[in-house]
Structures are given as C-alpha cells and as structure tokens.
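**Student:** Contents are compact mmCIF, N, CA and C atoms; file name work09.txt:
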```txt
# COMPACT_ATOMS: atom_id res chain seq x y z
N MET G 1 0.80 -1.19 0.00
CA MET G 1 0.00 0.00 0.00
C MET G 1 0.86 1.26 0.00
N LYS G 2 1.91 1.25 0.82
CA LYS G 2 2.80 2.40 0.86
C LYS G 2 3.51 2.58 -0.48
N LEU G 3 3.80 1.49 -1.13
CA LEU G 3 4.46 1.55 -2.43
C LEU G 3 3.55 2.24 -3.46
N ILE G 4 2.28 1.95 -3.43
CA ILE G 4 1.32 2.56 -4.37
C ILE G 4 1.17 4.05 -4.07
N GLN G 5 1.12 4.40 -2.78
CA GLN G 5 0.99 5.81 -2.41
C GLN G 5 2.23 6.60 -2.81
N THR G 6 3.39 6.04 -2.58
CA THR G 6 4.64 6.70 -2.93
C THR G 6 4.76 6.87 -4.43
N THR G 7 4.42 5.83 -5.17
CA THR G 7 4.48 5.89 -6.63
C THR G 7 3.50 6.93 -7.17
N THR G 8 2.30 6.94 -6.63
CA THR G 8 1.28 7.91 -7.06
C THR G 8 1.74 9.34 -6.74
N LEU G 9 2.31 9.53 -5.58
CA LEU G 9 2.81 10.84 -5.18
C LEU G 9 3.93 11.31 -6.11
N LEU G 10 4.86 10.41 -6.44
CA LEU G 10 5.95 10.76 -7.35
C LEU G 10 5.43 11.11 -8.75
N ILE G 11 4.45 10.37 -9.22
CA ILE G 11 3.88 10.64 -10.55
C ILE G 11 3.18 12.01 -10.56
N VAL G 12 2.41 12.29 -9.53
CA VAL G 12 1.70 13.58 -9.43
C VAL G 12 2.71 14.73 -9.35
N LEU G 13 3.74 14.58 -8.55
CA LEU G 13 4.75 15.63 -8.43
C LEU G 13 5.50 15.85 -9.74
N SER G 14 5.86 14.77 -10.42
CA SER G 14 6.60 14.92 -11.68
C SER G 14 5.72 15.56 -12.76
N ILE G 15 4.43 15.24 -12.78
CA ILE G 15 3.52 15.86 -13.75
C ILE G 15 3.36 17.35 -13.44
N SER G 16 3.21 17.68 -12.16
CA SER G 16 3.02 19.10 -11.81
C SER G 16 4.29 19.91 -12.10
N VAL G 17 5.46 19.31 -11.86
CA VAL G 17 6.72 20.00 -12.17
C VAL G 17 6.87 20.19 -13.67
N SER G 18 6.54 19.19 -14.46
CA SER G 18 6.67 19.31 -15.91
C SER G 18 5.68 20.33 -16.47
N ILE G 19 4.47 20.38 -15.93
CA ILE G 19 3.49 21.37 -16.38
C ILE G 19 3.97 22.77 -16.02
N HIS G 20 4.48 22.93 -14.81
CA HIS G 20 4.98 24.23 -14.38
C HIS G 20 6.19 24.66 -15.22
N ALA G 21 7.05 23.73 -15.55
CA ALA G 21 8.22 24.04 -16.36
C ALA G 21 7.82 24.43 -17.78
N GLN G 22 6.76 23.86 -18.30
CA GLN G 22 6.30 24.21 -19.64
C GLN G 22 5.61 25.56 -19.66
N ASP G 23 4.93 25.94 -18.61
CA ASP G 23 4.23 27.22 -18.56
C ASP G 23 5.18 28.40 -18.39
N ASN G 24 6.27 28.19 -17.73
CA ASN G 24 7.18 29.28 -17.43
C ASN G 24 7.71 30.00 -18.67
N PRO G 25 8.22 29.33 -19.71
CA PRO G 25 8.70 30.05 -20.89
C PRO G 25 7.60 30.83 -21.60
N LYS G 26 6.39 30.33 -21.60
CA LYS G 26 5.29 31.04 -22.25
C LYS G 26 5.01 32.36 -21.55
N GLU G 27 5.06 32.35 -20.23
CA GLU G 27 4.82 33.58 -19.48
C GLU G 27 5.90 34.60 -19.76
N LYS G 28 7.14 34.15 -19.86
CA LYS G 28 8.23 35.08 -20.13
C LYS G 28 8.12 35.67 -21.53
N GLN G 29 7.66 34.89 -22.48
CA GLN G 29 7.53 35.39 -23.85
C GLN G 29 6.38 36.38 -23.97
N SER G 30 5.29 36.15 -23.29
CA SER G 30 4.13 37.02 -23.41
C SER G 30 4.31 38.32 -22.64
N LYS G 31 5.14 38.32 -21.63
CA LYS G 31 5.37 39.51 -20.83
C LYS G 31 6.51 40.33 -21.45
N PRO G 32 6.23 41.58 -21.88
CA PRO G 32 7.30 42.36 -22.51
C PRO G 32 8.35 42.78 -21.48
N ASP G 33 9.57 42.95 -21.95
CA ASP G 33 10.61 43.38 -21.04
C ASP G 33 10.44 44.87 -20.72
N LYS G 34 11.21 45.33 -19.77
CA LYS G 34 11.06 46.68 -19.25
C LYS G 34 11.33 47.74 -20.31
N THR G 35 12.36 47.56 -21.10
CA THR G 35 12.69 48.58 -22.10
C THR G 35 11.61 48.69 -23.17
N THR G 36 11.07 47.56 -23.60
CA THR G 36 10.00 47.59 -24.59
C THR G 36 8.76 48.26 -24.02
N TYR G 37 8.44 47.96 -22.78
CA TYR G 37 7.26 48.56 -22.15
C TYR G 37 7.39 50.09 -22.09
N TYR G 38 8.53 50.58 -21.60
CA TYR G 38 8.69 52.02 -21.44
C TYR G 38 8.82 52.74 -22.79
N LYS G 39 9.40 52.08 -23.76
CA LYS G 39 9.48 52.69 -25.09
C LYS G 39 8.09 52.82 -25.70
N THR G 40 7.27 51.78 -25.56
CA THR G 40 5.90 51.83 -26.05
C THR G 40 5.09 52.88 -25.29
N ARG G 41 5.29 52.94 -24.00
CA ARG G 41 4.59 53.94 -23.17
C ARG G 41 4.97 55.35 -23.60
N ALA G 42 6.24 55.57 -23.92
CA ALA G 42 6.69 56.89 -24.35
C ALA G 42 6.06 57.30 -25.68
N ILE G 43 5.94 56.36 -26.60
CA ILE G 43 5.32 56.66 -27.89
C ILE G 43 3.86 57.03 -27.69
N GLU G 44 3.17 56.30 -26.82
CA GLU G 44 1.77 56.62 -26.53
C GLU G 44 1.65 57.99 -25.87
N ASP G 45 2.54 58.29 -24.91
CA ASP G 45 2.52 59.60 -24.25
C ASP G 45 2.80 60.72 -25.24
N ALA G 46 3.75 60.50 -26.13
CA ALA G 46 4.09 61.54 -27.11
C ALA G 46 2.91 61.82 -28.04
N LYS G 47 2.23 60.78 -28.47
CA LYS G 47 1.05 60.98 -29.33
C LYS G 47 -0.03 61.77 -28.60
N PHE G 48 -0.20 61.48 -27.32
CA PHE G 48 -1.19 62.23 -26.55
C PHE G 48 -0.76 63.69 -26.40
N GLU G 49 0.53 63.92 -26.12
CA GLU G 49 1.03 65.29 -25.97
C GLU G 49 0.86 66.08 -27.26
N GLN G 50 1.08 65.43 -28.39
CA GLN G 50 0.97 66.12 -29.67
C GLN G 50 -0.47 66.50 -30.00
N SER G 51 -1.42 65.78 -29.47
CA SER G 51 -2.82 66.10 -29.75
C SER G 51 -3.49 66.84 -28.59
N TYR G 52 -2.76 67.12 -27.53
CA TYR G 52 -3.33 67.74 -26.33
C TYR G 52 -3.68 69.20 -26.58
N LYS G 53 -4.89 69.56 -26.23
CA LYS G 53 -5.36 70.95 -26.30
C LYS G 53 -5.89 71.31 -24.91
N ALA G 54 -5.26 72.25 -24.26
CA ALA G 54 -5.68 72.66 -22.92
C ALA G 54 -6.80 73.68 -23.00
N GLU G 55 -7.66 73.67 -22.00
CA GLU G 55 -8.77 74.63 -21.93
C GLU G 55 -8.27 76.02 -21.56
N ASN G 56 -7.27 76.06 -20.69
CA ASN G 56 -6.71 77.35 -20.28
C ASN G 56 -5.22 77.19 -19.96
N LYS G 57 -4.59 78.30 -19.66
CA LYS G 57 -3.15 78.31 -19.44
C LYS G 57 -2.75 77.51 -18.19
N THR G 58 -3.55 77.62 -17.14
CA THR G 58 -3.25 76.91 -15.89
C THR G 58 -3.30 75.40 -16.09
N GLU G 59 -4.30 74.94 -16.82
CA GLU G 59 -4.43 73.51 -17.10
C GLU G 59 -3.24 73.01 -17.91
N ALA G 60 -2.80 73.80 -18.87
CA ALA G 60 -1.65 73.42 -19.69
C ALA G 60 -0.39 73.33 -18.83
N GLU G 61 -0.19 74.31 -17.96
CA GLU G 61 1.00 74.30 -17.10
C GLU G 61 1.00 73.08 -16.18
N LEU G 62 -0.16 72.76 -15.61
CA LEU G 62 -0.25 71.59 -14.74
C LEU G 62 0.05 70.30 -15.50
N PHE G 63 -0.47 70.20 -16.70
CA PHE G 63 -0.23 69.00 -17.51
C PHE G 63 1.26 68.83 -17.80
N TRP G 64 1.92 69.88 -18.27
CA TRP G 64 3.33 69.76 -18.63
C TRP G 64 4.21 69.58 -17.40
N GLU G 65 3.82 70.17 -16.27
CA GLU G 65 4.58 69.95 -15.03
C GLU G 65 4.46 68.49 -14.58
N SER G 66 3.27 67.91 -14.74
CA SER G 66 3.11 66.50 -14.34
C SER G 66 3.91 65.58 -15.25
N GLN G 67 3.99 65.91 -16.53
CA GLN G 67 4.81 65.11 -17.45
C GLN G 67 6.28 65.18 -17.05
N GLU G 68 6.74 66.38 -16.73
CA GLU G 68 8.13 66.55 -16.32
C GLU G 68 8.41 65.82 -15.01
N ALA G 69 7.47 65.87 -14.08
CA ALA G 69 7.63 65.17 -12.80
C ALA G 69 7.70 63.66 -13.01
N TYR G 70 6.87 63.14 -13.92
CA TYR G 70 6.90 61.70 -14.22
C TYR G 70 8.27 61.30 -14.74
N GLU G 71 8.81 62.08 -15.67
CA GLU G 71 10.12 61.75 -16.24
C GLU G 71 11.22 61.84 -15.19
N ASN G 72 11.16 62.86 -14.33
CA ASN G 72 12.17 62.99 -13.28
C ASN G 72 12.10 61.84 -12.28
N ASN G 73 10.89 61.44 -11.91
CA ASN G 73 10.74 60.31 -10.99
C ASN G 73 11.23 59.01 -11.61
N LEU G 74 10.94 58.83 -12.89
CA LEU G 74 11.40 57.63 -13.58
C LEU G 74 12.93 57.61 -13.65
N LYS G 75 13.52 58.76 -13.88
CA LYS G 75 14.99 58.85 -13.95
C LYS G 75 15.62 58.48 -12.60
N LYS G 76 15.01 58.94 -11.52
CA LYS G 76 15.53 58.62 -10.18
C LYS G 76 15.32 57.15 -9.84
N ARG G 77 14.17 56.61 -10.25
CA ARG G 77 13.79 55.25 -9.88
C ARG G 77 14.52 54.19 -10.69
N ASP G 78 14.64 54.40 -12.00
CA ASP G 78 15.19 53.35 -12.87
C ASP G 78 15.82 53.98 -14.11
N LYS G 79 17.14 54.04 -14.13
CA LYS G 79 17.86 54.69 -15.24
C LYS G 79 17.63 53.98 -16.57
N LYS G 80 17.61 52.66 -16.55
CA LYS G 80 17.43 51.90 -17.79
C LYS G 80 16.04 52.16 -18.38
N ALA G 81 15.04 52.17 -17.54
CA ALA G 81 13.68 52.45 -18.00
C ALA G 81 13.58 53.89 -18.52
N TYR G 82 14.26 54.81 -17.84
CA TYR G 82 14.25 56.21 -18.27
C TYR G 82 14.87 56.37 -19.65
N LYS G 83 15.98 55.69 -19.89
CA LYS G 83 16.63 55.78 -21.20
C LYS G 83 15.74 55.21 -22.29
N ALA G 84 15.07 54.11 -22.01
CA ALA G 84 14.14 53.53 -22.99
C ALA G 84 12.97 54.47 -23.24
N TYR G 85 12.47 55.10 -22.19
CA TYR G 85 11.36 56.05 -22.31
C TYR G 85 11.76 57.24 -23.17
N MET G 86 12.94 57.78 -22.91
CA MET G 86 13.41 58.95 -23.67
C MET G 86 13.68 58.57 -25.13
N LYS G 87 14.17 57.38 -25.37
CA LYS G 87 14.39 56.92 -26.75
C LYS G 87 13.06 56.84 -27.50
N GLY G 88 12.04 56.33 -26.83
CA GLY G 88 10.71 56.27 -27.44
C GLY G 88 10.15 57.64 -27.73
N LYS G 89 10.35 58.58 -26.81
CA LYS G 89 9.88 59.95 -27.01
C LYS G 89 10.62 60.59 -28.19
N GLN G 90 11.92 60.38 -28.28
CA GLN G 90 12.70 60.94 -29.38
C GLN G 90 12.18 60.43 -30.72
N GLU G 91 11.93 59.14 -30.80
CA GLU G 91 11.44 58.56 -32.05
C GLU G 91 10.06 59.12 -32.41
N ALA G 92 9.19 59.23 -31.43
CA ALA G 92 7.83 59.72 -31.69
C ALA G 92 7.84 61.19 -32.11
N TYR G 93 8.65 62.00 -31.44
CA TYR G 93 8.71 63.42 -31.78
C TYR G 93 9.38 63.63 -33.13
N ALA G 94 10.38 62.82 -33.46
CA ALA G 94 11.03 62.92 -34.77
C ALA G 94 10.05 62.55 -35.88
N GLU G 95 9.25 61.52 -35.65
CA GLU G 95 8.24 61.11 -36.64
C GLU G 95 7.19 62.20 -36.83
N HIS G 96 6.76 62.81 -35.74
CA HIS G 96 5.75 63.87 -35.84
C HIS G 96 6.33 65.10 -36.53
N TYR G 97 7.60 65.37 -36.30
CA TYR G 97 8.23 66.55 -36.89
C TYR G 97 8.25 66.48 -38.42
N LYS G 98 8.33 65.27 -38.96
CA LYS G 98 8.40 65.11 -40.41
C LYS G 98 7.16 65.66 -41.11
N HIS G 99 6.00 65.53 -40.49
CA HIS G 99 4.78 66.00 -41.15
C HIS G 99 4.10 67.16 -40.42
N CYS G 100 4.73 67.69 -39.39
CA CYS G 100 4.16 68.81 -38.64
C CYS G 100 4.57 70.11 -39.31
N ASP G 101 3.60 70.85 -39.80
CA ASP G 101 3.90 72.15 -40.40
C ASP G 101 2.84 73.15 -39.94
N GLN G 102 2.41 74.04 -40.81
CA GLN G 102 1.50 75.10 -40.41
C GLN G 102 0.15 74.57 -39.92
N HIS G 103 -0.26 73.39 -40.33
CA HIS G 103 -1.55 72.88 -39.88
C HIS G 103 -1.52 72.39 -38.43
N CYS G 104 -0.33 72.15 -37.89
CA CYS G 104 -0.20 71.76 -36.49
C CYS G 104 -0.14 73.02 -35.63
N HIS G 105 -0.97 73.08 -34.64
CA HIS G 105 -0.97 74.23 -33.74
C HIS G 105 -0.65 73.73 -32.34
N HIS G 106 0.58 73.93 -31.94
CA HIS G 106 1.02 73.48 -30.62
C HIS G 106 1.29 74.69 -29.74
N SER G 107 1.23 74.46 -28.45
CA SER G 107 1.47 75.54 -27.49
C SER G 107 2.98 75.76 -27.30
N ASN G 108 3.30 76.86 -26.63
CA ASN G 108 4.70 77.12 -26.32
C ASN G 108 5.25 76.06 -25.37
N HIS G 109 4.41 75.54 -24.48
CA HIS G 109 4.85 74.46 -23.59
C HIS G 109 5.26 73.23 -24.40
N TYR G 110 4.49 72.94 -25.43
CA TYR G 110 4.81 71.79 -26.28
C TYR G 110 6.18 71.98 -26.92
N TYR G 111 6.41 73.13 -27.52
CA TYR G 111 7.69 73.36 -28.20
C TYR G 111 8.84 73.38 -27.20
N HIS G 112 8.60 73.88 -26.00
CA HIS G 112 9.65 73.87 -24.98
C HIS G 112 10.05 72.44 -24.64
N ARG G 113 9.07 71.56 -24.44
CA ARG G 113 9.37 70.16 -24.14
C ARG G 113 9.91 69.43 -25.36
N ALA G 114 9.40 69.78 -26.54
CA ALA G 114 9.83 69.09 -27.76
C ALA G 114 11.30 69.32 -28.05
N THR G 115 11.84 70.48 -27.66
CA THR G 115 13.26 70.72 -27.88
C THR G 115 14.13 69.76 -27.08
N MET G 116 13.59 69.20 -26.02
CA MET G 116 14.35 68.24 -25.22
C MET G 116 14.39 66.86 -25.86
N TYR G 117 13.44 66.58 -26.75
CA TYR G 117 13.35 65.26 -27.37
C TYR G 117 13.91 65.23 -28.78
N TYR G 118 13.77 66.32 -29.52
CA TYR G 118 14.19 66.29 -30.92
C TYR G 118 14.74 67.65 -31.30
N TYR G 119 15.89 67.66 -31.95
CA TYR G 119 16.58 68.91 -32.26
C TYR G 119 15.84 69.78 -33.27
N GLY G 120 15.00 69.22 -34.12
CA GLY G 120 14.32 69.98 -35.15
C GLY G 120 13.38 71.04 -34.61
N TYR G 121 12.87 70.82 -33.41
CA TYR G 121 11.93 71.77 -32.83
C TYR G 121 12.63 73.00 -32.27
N HIS G 122 13.93 73.00 -32.24
CA HIS G 122 14.68 74.12 -31.69
C HIS G 122 14.34 75.41 -32.42
N ASP G 123 14.20 75.35 -33.74
CA ASP G 123 13.90 76.55 -34.52
C ASP G 123 12.51 77.09 -34.22
N HIS G 124 11.56 76.20 -33.95
CA HIS G 124 10.20 76.66 -33.65
C HIS G 124 10.14 77.44 -32.34
N TYR G 125 10.82 76.91 -31.35
CA TYR G 125 10.69 77.50 -30.02
C TYR G 125 11.55 78.74 -29.86
N TYR G 126 12.72 78.73 -30.43
CA TYR G 126 13.64 79.84 -30.22
C TYR G 126 13.68 80.80 -31.40
N TYR G 127 12.63 80.88 -32.15
CA TYR G 127 12.61 81.79 -33.29
C TYR G 127 12.51 83.22 -32.78
N HIS G 128 13.43 84.05 -33.24
CA HIS G 128 13.40 85.47 -32.93
C HIS G 128 13.36 86.23 -34.24
N SER G 129 12.62 87.31 -34.24
CA SER G 129 12.59 88.12 -35.46
C SER G 129 13.94 88.80 -35.63
N PRO G 130 14.32 89.10 -36.86
CA PRO G 130 15.61 89.73 -37.08
C PRO G 130 15.67 91.10 -36.41
N ARG G 131 16.82 91.42 -35.92
CA ARG G 131 17.00 92.71 -35.26
C ARG G 131 17.01 93.83 -36.28
N ARG G 132 16.42 94.93 -35.89
CA ARG G 132 16.43 96.10 -36.76
C ARG G 132 17.76 96.82 -36.60
N ARG G 133 18.25 97.29 -37.69
CA ARG G 133 19.47 98.08 -37.62
C ARG G 133 19.08 99.54 -37.42
N THR G 134 19.70 100.14 -36.48
CA THR G 134 19.40 101.54 -36.22
C THR G 134 20.57 102.39 -36.66
N LEU G 135 20.27 103.57 -37.04
CA LEU G 135 21.28 104.52 -37.49
C LEU G 135 21.38 105.61 -36.44
N SER G 136 22.55 105.79 -35.93
CA SER G 136 22.72 106.85 -34.93
C SER G 136 23.63 107.93 -35.51
N THR G 137 23.29 109.12 -35.19
CA THR G 137 24.10 110.25 -35.66
C THR G 137 24.70 110.95 -34.46
N LYS G 138 25.80 111.58 -34.70
CA LYS G 138 26.49 112.25 -33.62
C LYS G 138 26.98 113.61 -34.13
N ILE G 139 26.69 114.64 -33.40
CA ILE G 139 27.13 115.98 -33.77
C ILE G 139 27.96 116.53 -32.62
N ASN G 140 29.16 116.95 -32.95
CA ASN G 140 30.04 117.56 -31.96
C ASN G 140 30.30 119.00 -32.37
N LEU G 141 30.09 119.89 -31.45
CA LEU G 141 30.40 121.29 -31.69
C LEU G 141 31.55 121.67 -30.78
N GLY G 142 32.50 122.24 -31.34
CA GLY G 142 33.64 122.67 -30.56
C GLY G 142 34.19 123.97 -31.13
N SER G 143 35.14 124.54 -30.43
CA SER G 143 35.70 125.81 -30.87
C SER G 143 36.58 125.64 -32.10
N SER G 144 37.13 124.45 -32.29
CA SER G 144 38.03 124.26 -33.42
C SER G 144 37.29 123.98 -34.72
N GLY G 145 36.04 123.55 -34.64
CA GLY G 145 35.32 123.28 -35.88
C GLY G 145 34.03 122.51 -35.62
N LEU G 146 33.40 122.18 -36.67
CA LEU G 146 32.15 121.44 -36.62
C LEU G 146 32.40 120.04 -37.17
N ARG G 147 32.02 119.02 -36.42
CA ARG G 147 32.18 117.65 -36.88
C ARG G 147 30.80 117.01 -36.99
N LEU G 148 30.63 116.30 -38.04
CA LEU G 148 29.39 115.59 -38.26
C LEU G 148 29.76 114.15 -38.60
N GLY G 149 29.19 113.22 -37.91
CA GLY G 149 29.55 111.83 -38.17
C GLY G 149 28.34 110.92 -38.16
N VAL G 150 28.42 109.90 -38.97
CA VAL G 150 27.38 108.89 -39.01
C VAL G 150 28.02 107.56 -38.62
N PHE G 151 27.50 106.96 -37.58
CA PHE G 151 28.06 105.69 -37.10
C PHE G 151 27.05 104.62 -37.15
```
Spit out the file's structure as structure tokens when you get a sec.

**Tutor:**
Amino acid sequence: MKLIQTTTLLIVLSISVSIHAQDNPKEKQSKPDKTTYYKTRAIEDAKFEQSYKAENKTEAELFWESQEAYENNLKKRDKKAYKAYMKGKQEAYAEHYKHCDQHCHHSNHYYHRATMYYYGYHDHYYYHSPRRRTLSTKINLGSSGLRLGVF
C-alpha cells in the first residue's frame, strides 16, 4: 500500500513540475521586457502630448509639469527604463516633426518640451525676429570746428 501511495505521489509531483516548467517560458515570452514597455509607453505619451489641447493656461501648465515630474521620478527610480522612455519619445517626436507644419498648432509648452526630445523643434521654439538696424548720428560742436559723423 505504501508503495502505491509513494508511486502515485511521485507521478503527481513529476507531472506538476513538468506542467509548471512548460508554462514558465510562455509567461516570459508574453510579458514584454522593461525597455519595450517604457518605449511603447513613451510613444503613446508623445502621441497624446501632440494632440493635447488645454482649456486654459493653468491647465496646460499643470499638464506639462506633471509630465516633467513623471520623467524625473522615472529617472531617479530606474535609469534603464528612463533611457528607454526617452528613446521612445525621441522617435515619436522625430516622426511627428516630419509631417508637422502650419496645420499643427502646438502651445509654447509643447515646443519647450519638444526641444528636449528632438533637435528639429529648436527653430520653432527659439525663433526670434531679425533685429532692426538703427542709425545713430552724432554731432560735436567745438571751438576748433564742426564735426558731423554717421556711425
């Protein structure tokens, strides 16, 4: 009787171990790794940021501050995840830049953040009108003569 119980117990244990061993690789394959997850998350966040329209200035400032806080917390918590997240943001912003022209209307907050992800947005955010050249004249009167100069 003990022999039958021991044999049955060994068979049940070996079957459960083999089933568990077979399930383990499937779980690892279906679960994305950390870098893939954060890169995908960054692309989704970037698409949302590109289509975001705030109701007022305060709402926009709160939104962009929360995005910056999320990135800073991620950087402190996990450097590898942060690098993957930033890589995803760079790719998404570069892709959007290719077709973003006059029909895209983004806020100054957007362009400020976009300069951190993709170099092409630098011109949008830091555009300054050309300086006007001014002409100054100088007149000196003295006892020796009259001088007139244009500088």

**Student:** Can you list, as a VMD selection string, every protein, DNA or RNA residue that comes within 9 Å of stretch 51-67 of chain G when you count only C-alpha atoms, leaving out same-chain residues fewer than 5 positions away?

**Tutor:** chain G and resid 46 72 106 to 107 109 to 110 113

**Student:** Store the residues picked out above, limited to N, CA and C atoms, as a short mmCIF file (atom, residue, chain, number, x, y, z; two decimals), in the frame of the given file.

**Tutor:**
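The result, stored in selection04.cif:
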```cif
data_model
loop_
_atom_site.label_atom_id
_atom_site.label_comp_id
_atom_site.auth_asym_id
_atom_site.auth_seq_id
_atom_site.Cartn_x
_atom_site.Cartn_y
_atom_site.Cartn_z
N ALA G 46 3.75 60.50 -26.13
CA ALA G 46 4.09 61.54 -27.11
C ALA G 46 2.91 61.82 -28.04
N ASN G 72 11.16 62.86 -14.33
CA ASN G 72 12.17 62.99 -13.28
C ASN G 72 12.10 61.84 -12.28
N HIS G 106 0.58 73.93 -31.94
CA HIS G 106 1.02 73.48 -30.62
C HIS G 106 1.29 74.69 -29.74
N SER G 107 1.23 74.46 -28.45
CA SER G 107 1.47 75.54 -27.49
C SER G 107 2.98 75.76 -27.30
N HIS G 109 4.41 75.54 -24.48
CA HIS G 109 4.85 74.46 -23.59
C HIS G 109 5.26 73.23 -24.40
N TYR G 110 4.49 72.94 -25.43
CA TYR G 110 4.81 71.79 -26.28
C TYR G 110 6.18 71.98 -26.92
N ARG G 113 9.07 71.56 -24.44
CA ARG G 113 9.37 70.16 -24.14
C ARG G 113 9.91 69.43 -25.36
#
```

**Student:** Between G:Ile43, G:Tyr38, G:Asp33, G:Ile4, which one has atoms that come closest to G:Ala92, using all atoms listed in the file?

**Tutor:**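 Among the listed residues, the smallest separation from G:Ala92 belongs to G:Ile43.
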
**Student:** Have a look at atom N of G:Asp45 and atom C of G:Pro32 and let me know their distance in Å, one decimal.

**Tutor:**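 These two atoms are separated by 16.9 Å.
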
**Student:** Which distance in Å separates atom CA of G:Ala42 and atom C of G:Ala94, to one decimal?

**Tutor:**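 We find that atom CA of G:Ala42 and atom C of G:Ala94 lie 13.3 Å from each other.
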
**Student:** Please, what distance in Å, to one decimal, runs between atom CA of G:Cys100 and atom CA of G:Met116?

**Tutor:**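 Interatomic distance here is 16.9 Å.
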
**Student:** Give me the residues near G:Thr35 as an MDAnalysis selection string, where near means some atom within 6 Å (using all atoms listed in the file) and where sequence neighbours in that chain fewer than 3 positions away do not count.

**Tutor:** chainID G and resid 38:40 81 84

**Student:** Which is closer to G:Lys79 than all the others in G:Cys104, G:Lys34, G:Tyr117, G:Tyr93, using only C-alpha atoms?

**Tutor:** G:Lys34

**Student:** Using only N, CA and C atoms, give me every residue within 8 Å of (9.8, 57.7, -17.4) in file coordinates, as an NGL selection string.

**Tutor:** :G and (38 or 42 or 69-76 or 78 or 81-86)

**Student:** Which residue out of G:Lys2, G:Lys87, G:Arg77, G:His96 has the minimum interatomic distance to G:Lys47 when only C-alpha atoms are used?

**Tutor:** G:His96
